[in-house]
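Participant: Got a file for you: structure24.cif, mmCIF, C-alpha atoms.
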```cif
data_final
loop_
_atom_site.label_atom_id
_atom_site.label_comp_id
_atom_site.auth_asym_id
_atom_site.auth_seq_id
_atom_site.Cartn_x
_atom_site.Cartn_y
_atom_site.Cartn_z
CA THR T 1 -26.01 -24.95 -10.27
CA ILE T 2 -27.59 -22.19 -8.26
CA SER T 3 -31.18 -21.44 -8.89
CA ILE T 4 -32.28 -17.81 -8.95
CA SER T 5 -34.95 -18.63 -6.41
CA THR T 6 -32.32 -19.65 -3.82
CA PHE T 7 -30.31 -16.44 -4.20
CA VAL T 8 -30.97 -14.01 -1.35
CA LEU T 9 -29.94 -10.39 -1.54
CA PRO T 10 -27.92 -9.15 1.43
CA PRO T 11 -29.63 -6.66 3.71
CA GLN T 12 -29.32 -3.02 2.77
CA PRO T 13 -27.32 -0.72 5.09
CA GLN T 14 -30.41 1.24 6.16
CA ASP T 15 -32.01 -2.04 7.32
CA LEU T 16 -29.10 -3.00 9.60
CA PRO T 17 -28.59 -2.06 13.22
CA LEU T 18 -25.66 0.28 13.82
CA ARG T 19 -23.47 -2.46 15.33
CA THR T 20 -23.83 -4.63 12.22
CA MET T 21 -23.14 -1.64 9.95
CA ASN T 22 -19.90 -0.99 11.87
CA SER T 23 -18.98 -4.66 11.51
CA ILE T 24 -19.49 -4.46 7.75
CA ALA T 25 -17.34 -1.32 7.54
CA LEU T 26 -14.62 -3.03 9.56
CA GLU T 27 -14.89 -6.19 7.46
CA GLU T 28 -14.51 -4.12 4.27
CA LYS T 29 -11.40 -2.45 5.70
CA VAL T 30 -9.91 -5.80 6.65
CA VAL T 31 -10.48 -7.20 3.15
CA ILE T 32 -8.88 -4.18 1.47
CA ALA T 33 -5.99 -4.15 3.95
CA CYS T 34 -5.36 -7.85 3.27
CA GLU T 35 -5.38 -7.19 -0.49
CA ALA T 36 -2.87 -4.37 0.03
CA VAL T 37 -0.58 -6.58 2.12
CA ILE T 38 -0.76 -9.44 -0.39
CA THR T 39 0.11 -7.06 -3.24
CA ALA T 40 2.98 -5.60 -1.20
CA ALA T 41 4.23 -9.10 -0.36
CA LYS T 42 4.30 -9.94 -4.07
CA LEU T 43 6.45 -6.87 -4.66
CA CYS T 44 8.81 -7.96 -1.86
CA GLU T 45 9.07 -11.45 -3.33
CA ALA T 46 9.80 -10.00 -6.78
CA VAL T 47 12.56 -7.81 -5.33
CA ARG T 48 14.01 -10.78 -3.43
CA SER T 49 14.00 -13.10 -6.43
CA GLU T 50 15.21 -10.60 -9.04
CA MET T 51 17.93 -8.74 -7.21
CA ALA T 52 21.16 -10.71 -7.01
CA VAL T 53 22.55 -8.50 -4.28
CA HIS T 54 20.20 -7.22 -1.63
CA GLN T 55 21.80 -3.93 -0.89
CA ALA T 56 20.15 -1.81 1.70
CA MET T 57 20.38 1.93 1.32
CA MET T 58 21.37 4.00 4.31
CA LYS T 59 18.92 6.69 5.33
CA SER T 60 20.17 9.99 6.67
CA ASP T 61 19.69 8.62 10.21
CA ARG T 62 22.08 5.76 9.27
CA SER T 63 19.37 3.09 9.43
CA PRO T 64 19.00 0.65 6.55
CA VAL T 65 16.06 0.63 4.14
CA THR T 66 15.46 -1.47 1.02
CA ILE T 67 13.65 -1.11 -2.27
CA ALA T 68 11.12 -3.62 -0.93
CA ASP T 69 10.54 -1.46 2.18
CA TYR T 70 9.74 1.62 0.14
CA GLY T 71 7.77 -0.24 -2.53
CA SER T 72 5.60 -2.18 -0.11
CA GLN T 73 4.83 0.98 1.88
CA ALA T 74 3.89 2.82 -1.32
CA ILE T 75 1.49 0.04 -2.32
CA ILE T 76 -0.16 -0.28 1.07
CA CYS T 77 -0.56 3.49 1.46
CA GLU T 78 -1.94 3.87 -2.07
CA MET T 79 -4.51 1.11 -1.70
CA LEU T 80 -5.64 2.22 1.75
CA SER T 81 -5.80 5.92 0.88
CA ARG T 82 -7.80 5.20 -2.26
CA ALA T 83 -10.32 3.07 -0.37
CA PHE T 84 -10.37 5.10 2.86
CA PRO T 85 -9.18 8.65 2.13
CA GLU T 86 -10.28 9.88 5.57
CA ASP T 87 -8.09 7.39 7.44
CA PRO T 88 -4.46 8.25 8.24
CA VAL T 89 -1.70 5.69 7.72
CA VAL T 90 1.23 5.54 10.11
CA ALA T 91 4.27 3.87 8.55
CA GLU T 92 8.02 3.86 9.01
CA GLU T 93 9.46 5.42 5.87
CA ASP T 94 9.30 8.83 4.25
CA SER T 95 10.58 9.92 0.86
CA ASN T 96 13.14 12.50 2.01
CA ASP T 97 16.17 10.35 1.20
CA LEU T 98 14.65 9.14 -2.08
CA ARG T 99 14.48 12.73 -3.28
CA LEU T 100 18.28 13.05 -3.14
CA PRO T 101 20.06 13.01 -6.54
CA ASP T 102 22.22 10.02 -5.58
CA LYS T 103 19.06 7.92 -4.95
CA LYS T 104 17.59 8.49 -8.43
CA ASP T 105 18.40 4.93 -9.59
CA GLN T 106 16.84 3.37 -6.47
CA LEU T 107 13.71 5.50 -6.88
CA ALA T 108 13.41 4.38 -10.51
CA LYS T 109 13.64 0.72 -9.40
CA ILE T 110 10.99 1.25 -6.73
CA VAL T 111 8.67 2.88 -9.28
CA ASP T 112 9.17 -0.05 -11.68
CA TYR T 113 8.35 -2.62 -8.99
CA VAL T 114 5.26 -0.67 -7.89
CA LYS T 115 4.06 -0.34 -11.50
CA THR T 116 4.41 -4.08 -11.97
CA ALA T 117 2.76 -4.98 -8.67
CA LEU T 118 -0.21 -2.68 -9.23
CA GLY T 119 -0.43 -3.38 -12.97
CA HIS T 120 -0.42 0.31 -13.93
CA SER T 121 2.21 1.59 -16.35
CA SER T 122 1.23 5.24 -15.84
CA ILE T 123 2.54 5.46 -12.25
CA SER T 124 5.09 8.25 -11.85
CA GLU T 125 7.92 8.92 -9.41
CA GLY T 126 5.73 11.65 -7.92
CA ASP T 127 2.91 9.16 -7.34
CA VAL T 128 5.20 6.75 -5.50
CA ILE T 129 6.75 9.52 -3.39
CA ASN T 130 3.29 10.82 -2.45
CA TRP T 131 2.12 7.32 -1.53
CA ILE T 132 5.19 6.70 0.64
CA ASP T 133 4.62 10.03 2.38
CA HIS T 134 0.96 9.21 2.97
CA GLY T 135 2.39 6.92 5.65
CA ASN T 136 3.29 9.99 7.70
CA GLY T 137 -0.19 10.20 9.20
CA ALA T 138 -0.76 11.10 12.81
CA THR T 139 -2.31 8.75 15.32
CA SER T 140 -5.55 9.70 17.02
CA ASN T 141 -6.05 9.71 20.75
#
```
Hey, can you dump this file as structure tokens for me?
Facilitator:
Amino acid sequence: TISISTFVLPPQPQDLPLRTMNSIALEEKVVIACEAVITAAKLCEAVRSEMAVHQAMMKSDRSPVTIADYGSQAIICEMLSRAFPEDPVVAEEDSNDLRLPDKKDQLAKIVDYVKTALGHSSISEGDVINWIDHGNGATSN
């Protein structure tokens, strides 16, 4: 058991030197980024185990992309943008091809996997598309 007398409160941000405060901010980002990647990996594993045929879709540039690619990007972008709205995310995919009428079934599957992975049944197609497109951030110099 832990006695109350042995519990020490962590230092408050105003009591820390700037370097330590930056380390804490970086540590918080790393923890949240790791949680996002773990959640995205669970989505990828669910897609791999549940889909008998792993069919990649062809993007307009003729490169392949999968439901797991889109779903994992949506999750990572959502979790990072919620925690760090001021930080851009640079990712590979955008939602342009998913908006096409012939991709409606694939978009619905992606939304279902994201809902399950995040544990939120109220997630919409618009949410997922916005999260994917949040990955279109610009790099800083």
Participant: Mind pulling up the distance from CA of Lys104 (chain T) to CA of Ala41 (chain T)?
Facilitator: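 So the answer is 23.5 Å.
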Participant: Could you jot down the CA of Ile110 (chain T) to CA of Gly135 (chain T) separation for me, Å, one decimal place?
Facilitator: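 It comes out at 16.1 Å.
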Participant: To one decimal place in Å, what is the distance between CA of Asp97 (chain T) and CA of Ser60 (chain T)?
Facilitator: 6.8 Å
Participant: Pick out the closest residue to Ile132 (chain T) from this set: T:Met51, T:Ala46, T:Ile75, T:Val65. Count all atoms listed in the file.
Facilitator: T:Ile75
Participant: T:Leu43, T:Ala138, T:Cys77, T:Val30: which is nearest Gly119 (chain T), counting all atoms listed in the file?
Facilitator: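 Nearest candidate to Gly119 (chain T) out of T:Leu43, T:Ala138, T:Cys77, T:Val30: T:Leu43.
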Participant: Go through T:Asn136, T:Val111, T:Trp131, T:Glu27 and flag the residue nearest Ser81 (chain T), using all atoms listed in the file for the distances.
Facilitator: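 Ranked by minimum distance to Ser81 (chain T), first place goes to T:Trp131.
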Participant: Please list as an MDAnalysis selection string every residue within 7 Å of region 120-130 of chain T, counting all atoms listed in the file and excluding residues in the same chain fewer than 5 positions away.
Facilitator: chainID T and resid 74 95 111 115
Participant: Write the residues of the preceding selection, restricted to C-alpha atoms, as a JSON list (two decimals), in the frame of the given file.
Facilitator:
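So the final result, stored in part.json, reads:
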```json
[["chain", "number", "residue", "atom", "x", "y", "z"],
["T", 74, "ALA", "CA", 3.89, 2.82, -1.32],
["T", 95, "SER", "CA", 10.58, 9.92, 0.86],
["T", 111, "VAL", "CA", 8.67, 2.88, -9.28],
["T", 115, "LYS", "CA", 4.06, -0.34, -11.50]]
```
Participant: Kindly indicate which residue among T:Asp102, T:Ile67, T:Phe84, T:Tyr113 lies nearest to Leu26 (chain T), using all atoms listed in the file for the distances.
Facilitator: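 Smallest separation from Leu26 (chain T) among the options: T:Phe84.
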Participant: Which of these residues is nearest to Glu28 (chain T), using only C-alpha atoms: T:Glu45, T:Glu92, T:Val114, T:Leu80?
Facilitator: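 Looking only at the distances to Glu28 (chain T), the closest residue turns out to be T:Leu80.
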Participant: T:Asp112, T:Glu86, T:Asp133, T:Glu35: which is nearest Leu98 (chain T), counting all atoms listed in the file?
Facilitator: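 Looking at the shortest contact to Leu98 (chain T), the residue is T:Asp133.
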Participant: Rebuild N, CA and C atoms on region 44-79 of chain T, as a PDB file, in the coordinates of the input?
Facilitator:
```
ATOM      1  N   CYS T  44       7.638  -7.553  -2.641  1.00  0.00           N
ATOM      2  CA  CYS T  44       8.810  -7.960  -1.860  1.00  0.00           C
ATOM      3  C   CYS T  44       9.414  -9.250  -2.410  1.00  0.00           C
ATOM      4  N   GLU T  45       8.583 -10.191  -2.768  1.00  0.00           N
ATOM      5  CA  GLU T  45       9.070 -11.450  -3.330  1.00  0.00           C
ATOM      6  C   GLU T  45       9.745 -11.207  -4.678  1.00  0.00           C
ATOM      7  N   ALA T  46       9.183 -10.325  -5.492  1.00  0.00           N
ATOM      8  CA  ALA T  46       9.800 -10.000  -6.780  1.00  0.00           C
ATOM      9  C   ALA T  46      11.173  -9.365  -6.574  1.00  0.00           C
ATOM     10  N   VAL T  47      11.273  -8.446  -5.623  1.00  0.00           N
ATOM     11  CA  VAL T  47      12.560  -7.810  -5.330  1.00  0.00           C
ATOM     12  C   VAL T  47      13.546  -8.868  -4.865  1.00  0.00           C
ATOM     13  N   ARG T  48      13.124  -9.743  -3.961  1.00  0.00           N
ATOM     14  CA  ARG T  48      14.010 -10.780  -3.430  1.00  0.00           C
ATOM     15  C   ARG T  48      14.501 -11.715  -4.515  1.00  0.00           C
ATOM     16  N   SER T  49      13.620 -12.121  -5.413  1.00  0.00           N
ATOM     17  CA  SER T  49      14.000 -13.100  -6.430  1.00  0.00           C
ATOM     18  C   SER T  49      14.770 -12.500  -7.596  1.00  0.00           C
ATOM     19  N   GLU T  50      14.582 -11.210  -7.869  1.00  0.00           N
ATOM     20  CA  GLU T  50      15.210 -10.600  -9.040  1.00  0.00           C
ATOM     21  C   GLU T  50      16.518  -9.887  -8.743  1.00  0.00           C
ATOM     22  N   MET T  51      16.710  -9.484  -7.530  1.00  0.00           N
ATOM     23  CA  MET T  51      17.930  -8.740  -7.210  1.00  0.00           C
ATOM     24  C   MET T  51      18.986  -9.690  -6.670  1.00  0.00           C
ATOM     25  N   ALA T  52      20.094  -9.796  -7.407  1.00  0.00           N
ATOM     26  CA  ALA T  52      21.160 -10.710  -7.010  1.00  0.00           C
ATOM     27  C   ALA T  52      21.785 -10.286  -5.685  1.00  0.00           C
ATOM     28  N   VAL T  53      21.964  -9.012  -5.512  1.00  0.00           N
ATOM     29  CA  VAL T  53      22.550  -8.500  -4.280  1.00  0.00           C
ATOM     30  C   VAL T  53      21.507  -7.626  -3.593  1.00  0.00           C
ATOM     31  N   HIS T  54      21.195  -7.979  -2.390  1.00  0.00           N
ATOM     32  CA  HIS T  54      20.200  -7.220  -1.630  1.00  0.00           C
ATOM     33  C   HIS T  54      20.912  -6.122  -0.866  1.00  0.00           C
ATOM     34  N   GLN T  55      21.109  -5.033  -1.523  1.00  0.00           N
ATOM     35  CA  GLN T  55      21.800  -3.930  -0.890  1.00  0.00           C
ATOM     36  C   GLN T  55      20.788  -2.997  -0.252  1.00  0.00           C
ATOM     37  N   ALA T  56      20.985  -2.791   1.017  1.00  0.00           N
ATOM     38  CA  ALA T  56      20.150  -1.810   1.700  1.00  0.00           C
ATOM     39  C   ALA T  56      20.770  -0.435   1.502  1.00  0.00           C
ATOM     40  N   MET T  57      19.916   0.553   1.373  1.00  0.00           N
ATOM     41  CA  MET T  57      20.380   1.930   1.320  1.00  0.00           C
ATOM     42  C   MET T  57      20.471   2.424   2.762  1.00  0.00           C
ATOM     43  N   MET T  58      21.297   3.377   2.986  1.00  0.00           N
ATOM     44  CA  MET T  58      21.370   4.000   4.310  1.00  0.00           C
ATOM     45  C   MET T  58      20.591   5.307   4.269  1.00  0.00           C
ATOM     46  N   LYS T  59      19.653   5.435   5.209  1.00  0.00           N
ATOM     47  CA  LYS T  59      18.920   6.690   5.330  1.00  0.00           C
ATOM     48  C   LYS T  59      19.805   7.700   6.042  1.00  0.00           C
ATOM     49  N   SER T  60      19.372   8.937   6.043  1.00  0.00           N
ATOM     50  CA  SER T  60      20.170   9.990   6.670  1.00  0.00           C
ATOM     51  C   SER T  60      20.386   9.733   8.159  1.00  0.00           C
ATOM     52  N   ASP T  61      19.504   8.945   8.794  1.00  0.00           N
ATOM     53  CA  ASP T  61      19.690   8.620  10.210  1.00  0.00           C
ATOM     54  C   ASP T  61      20.564   7.374  10.407  1.00  0.00           C
ATOM     55  N   ARG T  62      21.158   6.904   9.308  1.00  0.00           N
ATOM     56  CA  ARG T  62      22.080   5.760   9.270  1.00  0.00           C
ATOM     57  C   ARG T  62      21.389   4.412   9.482  1.00  0.00           C
ATOM     58  N   SER T  63      20.078   4.361   9.354  1.00  0.00           N
ATOM     59  CA  SER T  63      19.370   3.090   9.430  1.00  0.00           C
ATOM     60  C   SER T  63      19.167   2.547   8.019  1.00  0.00           C
ATOM     61  N   PRO T  64      19.152   1.227   7.882  1.00  0.00           N
ATOM     62  CA  PRO T  64      19.000   0.650   6.550  1.00  0.00           C
ATOM     63  C   PRO T  64      17.551   0.638   6.065  1.00  0.00           C
ATOM     64  N   VAL T  65      17.379   0.730   4.762  1.00  0.00           N
ATOM     65  CA  VAL T  65      16.060   0.630   4.140  1.00  0.00           C
ATOM     66  C   VAL T  65      16.268   0.017   2.758  1.00  0.00           C
ATOM     67  N   THR T  66      15.325  -0.797   2.308  1.00  0.00           N
ATOM     68  CA  THR T  66      15.460  -1.470   1.020  1.00  0.00           C
ATOM     69  C   THR T  66      14.410  -0.995   0.026  1.00  0.00           C
ATOM     70  N   ILE T  67      14.629  -1.382  -1.215  1.00  0.00           N
ATOM     71  CA  ILE T  67      13.650  -1.110  -2.270  1.00  0.00           C
ATOM     72  C   ILE T  67      12.309  -1.745  -1.906  1.00  0.00           C
ATOM     73  N   ALA T  68      12.356  -2.943  -1.335  1.00  0.00           N
ATOM     74  CA  ALA T  68      11.120  -3.620  -0.930  1.00  0.00           C
ATOM     75  C   ALA T  68      10.404  -2.848   0.182  1.00  0.00           C
ATOM     76  N   ASP T  69      11.164  -2.262   1.112  1.00  0.00           N
ATOM     77  CA  ASP T  69      10.540  -1.460   2.180  1.00  0.00           C
ATOM     78  C   ASP T  69       9.745  -0.302   1.597  1.00  0.00           C
ATOM     79  N   TYR T  70      10.411   0.467   0.743  1.00  0.00           N
ATOM     80  CA  TYR T  70       9.740   1.620   0.140  1.00  0.00           C
ATOM     81  C   TYR T  70       8.578   1.190  -0.760  1.00  0.00           C
ATOM     82  N   GLY T  71       8.808   0.192  -1.593  1.00  0.00           N
ATOM     83  CA  GLY T  71       7.770  -0.240  -2.530  1.00  0.00           C
ATOM     84  C   GLY T  71       6.541  -0.795  -1.844  1.00  0.00           C
ATOM     85  N   SER T  72       6.758  -1.612  -0.815  1.00  0.00           N
ATOM     86  CA  SER T  72       5.600  -2.180  -0.110  1.00  0.00           C
ATOM     87  C   SER T  72       4.832  -1.092   0.625  1.00  0.00           C
ATOM     88  N   GLN T  73       5.529  -0.123   1.210  1.00  0.00           N
ATOM     89  CA  GLN T  73       4.830   0.980   1.880  1.00  0.00           C
ATOM     90  C   GLN T  73       4.032   1.797   0.874  1.00  0.00           C
ATOM     91  N   ALA T  74       4.615   2.058  -0.289  1.00  0.00           N
ATOM     92  CA  ALA T  74       3.890   2.820  -1.320  1.00  0.00           C
ATOM     93  C   ALA T  74       2.600   2.110  -1.707  1.00  0.00           C
ATOM     94  N   ILE T  75       2.671   0.809  -1.909  1.00  0.00           N
ATOM     95  CA  ILE T  75       1.490   0.040  -2.320  1.00  0.00           C
ATOM     96  C   ILE T  75       0.418   0.058  -1.231  1.00  0.00           C
ATOM     97  N   ILE T  76       0.813  -0.236  -0.015  1.00  0.00           N
ATOM     98  CA  ILE T  76      -0.160  -0.280   1.070  1.00  0.00           C
ATOM     99  C   ILE T  76      -0.812   1.084   1.269  1.00  0.00           C
ATOM    100  N   CYS T  77       0.002   2.140   1.275  1.00  0.00           N
ATOM    101  CA  CYS T  77      -0.560   3.490   1.460  1.00  0.00           C
ATOM    102  C   CYS T  77      -1.471   3.880   0.304  1.00  0.00           C
ATOM    103  N   GLU T  78      -1.094   3.530  -0.913  1.00  0.00           N
ATOM    104  CA  GLU T  78      -1.940   3.870  -2.070  1.00  0.00           C
ATOM    105  C   GLU T  78      -3.287   3.168  -1.981  1.00  0.00           C
ATOM    106  N   MET T  79      -3.260   1.874  -1.720  1.00  0.00           N
ATOM    107  CA  MET T  79      -4.510   1.110  -1.700  1.00  0.00           C
ATOM    108  C   MET T  79      -5.411   1.543  -0.545  1.00  0.00           C
TER     109      MET T  79
END
```
